[in-house]
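Comments concern the structure below.
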Amino acid sequence: MTPLVLVPGMMCDARMWGAIPSSLAPRAVHHALPTAAETIPGIAAALLRDLPERFALAGLSMGGIVAMEMLAQAPDRIERLALLDTNPLAELPEIRTRRTPQVERVLAGGLDAVMQAEMMPHYLADASDRDTLALCLDMARALGAEVFRRQSLALRDRADRTGALRAFHGPALVLTGESDRLCPRDRHDLMHALMPQSRLVIVPGAGHLPPLEQPAATLAALKEWLET
């Protein structure tokens, strides 16, 4: 059974996937945290050094961006690809300009404030879900300000990876929460068009974090993808 590699989003750890990994037993699941460098190519290369020779790969948000870079660097090692709530394009200029002052605020001790005021309000379809928001803040605190800096720089300077998707012909899943405001639906329509063999899944009642917001629907889509 091909092992599964899961790459979480920015300032998230393995807890972002909820109970999904244990629900996929007996399949081996590897959690690959995108924290080792301040460039997407550097993060991808570091992860690839420690992963099995061939694997299924799923990434959400920044994790999806890293997954697309891993695909570009080592296409023969990736048997199947799942991209959740992510974006294959380079950073938009207006978002690039926000990164540096945001990083400065975090490095000055404002991690909690930036997460609570600037990031987490955009995460969920249900803004009253305090348990999930508390988990998001706890994951960010566990990773800390230096990881925020590295990840922000990596996202700021990332390359367009539409070419890597166009060249991939293995089983693919493109999934997004119906109410995702951070990675809009059109990005997922684009990824689905670049990989016509992919299945496009829109999850009702979810925003940017379907594994936590709608775990049953997300698990069902991942299981179908893994069994294709």
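In the structure tokens, each chain is lettered A, B, ... as it comes, each chain's residues begin at 1, and ligands are numbered from 1 in order of appearance.
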
*Please run DSSP on the backbone and report, as an MDAnalysis selection string, all residues within segment 30-217 of chain A that come out as alpha helix (DSSP H).*
chainID A and resid 40:50 62:73 93:105 111:114 130:143 145:156 162:166 185:194 210:213 215:217

*Any idea what's packed within 12 Å of segment 150-154 of chain A, counting only C-alpha atoms, ignoring anything in its chain fewer than 4 positions away? Could you give it as JSON, numbers by chain?*
{"A": [8, 9, 10, 11, 12, 33, 34, 35, 36, 37, 38, 39, 40, 41, 42, 43, 44, 61, 62, 63, 65, 66, 69, 90, 91, 95, 96, 97, 98, 99, 100, 101, 102, 103, 104, 106, 107, 140, 143, 144, 145, 146, 158, 159]}

*Near Leu48 of chain A, within 12 Å and counting only C-alpha atoms, which residues show up once chain neighbours fewer than 6 positions away are dropped, as a list in words?*
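Near neighbours after the sequence-gap exclusion: Val5, Val7, His30, Ala32, Leu33, Pro34, Ala36, Pro41, Gly42, Arg54, Phe55, Leu57, Val66, Ala67, Glu69, Met70, Leu71, Ala72, Gln73, Ala74, Pro75, Asp76, Arg77 and Ile78 of chain A.
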
*Could you work out how far atom CA of Pro21 of chain A lies from atom CA of Ala125 of chain A, giving the answer in Å with one decimal?*
22.8 Å

_Could you check the closest approach to Ser198 of chain A for each of A:Ala82, A:Leu133, A:Met115, A:Leu222 and tell me which residue wins, using only C-alpha atoms?_
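Under the stated criterion, the closest residue is A:Ala82.
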
*What separation in Å, quoted to one decimal, exists between atom CA of Met119 of chain A and atom CA of Ser23 of chain A?*
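So the answer is 28.8 Å.
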
_Residue contacts of Ala216 of chain A (9 Å, only C-alpha atoms) excluding same-chain residues fewer than 5 positions away, as a PyMOL selection string_ = chain A and resi 20+211+221

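The interatomic distance for the pair atom CA of Gln116 of chain A and atom CA of Trp17 of chain A works out to 20.5 Å.
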
Report as a compact mmCIF listing (two decimals) with C-alpha atoms, in the first residue's frame all protein, DNA and RNA residues lying within 7 Å of segment 168-177 of chain A, evaluated on only C-alpha atoms, omitting residues in the same chain fewer than 3 positions from it.
```txt
# COMPACT_ATOMS: atom_id res chain seq x y z
CA GLU A 79 2.05 8.37 -7.49
CA ARG A 80 -1.03 10.52 -6.93
CA LEU A 81 -1.70 14.11 -5.91
CA ALA A 82 -4.40 15.82 -3.81
CA LEU A 83 -4.52 19.61 -3.64
CA LEU A 84 -6.82 21.15 -1.03
CA ASP A 85 -7.70 24.84 -0.70
CA ALA A 164 4.03 20.97 -13.14
CA LEU A 165 0.31 20.27 -12.87
CA ASP A 180 -12.94 29.45 1.13
CA HIS A 188 -9.42 25.16 -8.11
CA HIS A 192 -8.86 20.87 -12.38
CA MET A 195 -5.28 18.03 -14.66
CA GLN A 197 -8.06 13.46 -14.98
CA SER A 198 -8.65 15.02 -11.54
CA ARG A 199 -11.82 14.94 -9.50
CA LEU A 200 -13.05 18.36 -8.34
CA VAL A 201 -14.81 18.34 -4.96
CA ILE A 202 -16.52 21.38 -3.44
CA VAL A 203 -17.25 20.85 0.27
CA PRO A 204 -20.39 22.59 1.57
CA ALA A 206 -16.40 24.56 4.86
CA GLY A 207 -14.06 27.47 4.38
CA HIS A 208 -10.27 27.18 4.18
CA PRO A 210 -12.22 21.34 5.37
CA TRP A 225 -8.75 9.40 -4.44
CA THR A 228 -8.74 5.15 -7.65
```

*asked:* If DSSP is run on the backbone, what residues of segment 40-90 of chain A are strand (DSSP E or B)? A reply as a ChimeraX atom specification would be ideal.
replied: /A:55-60,78-84
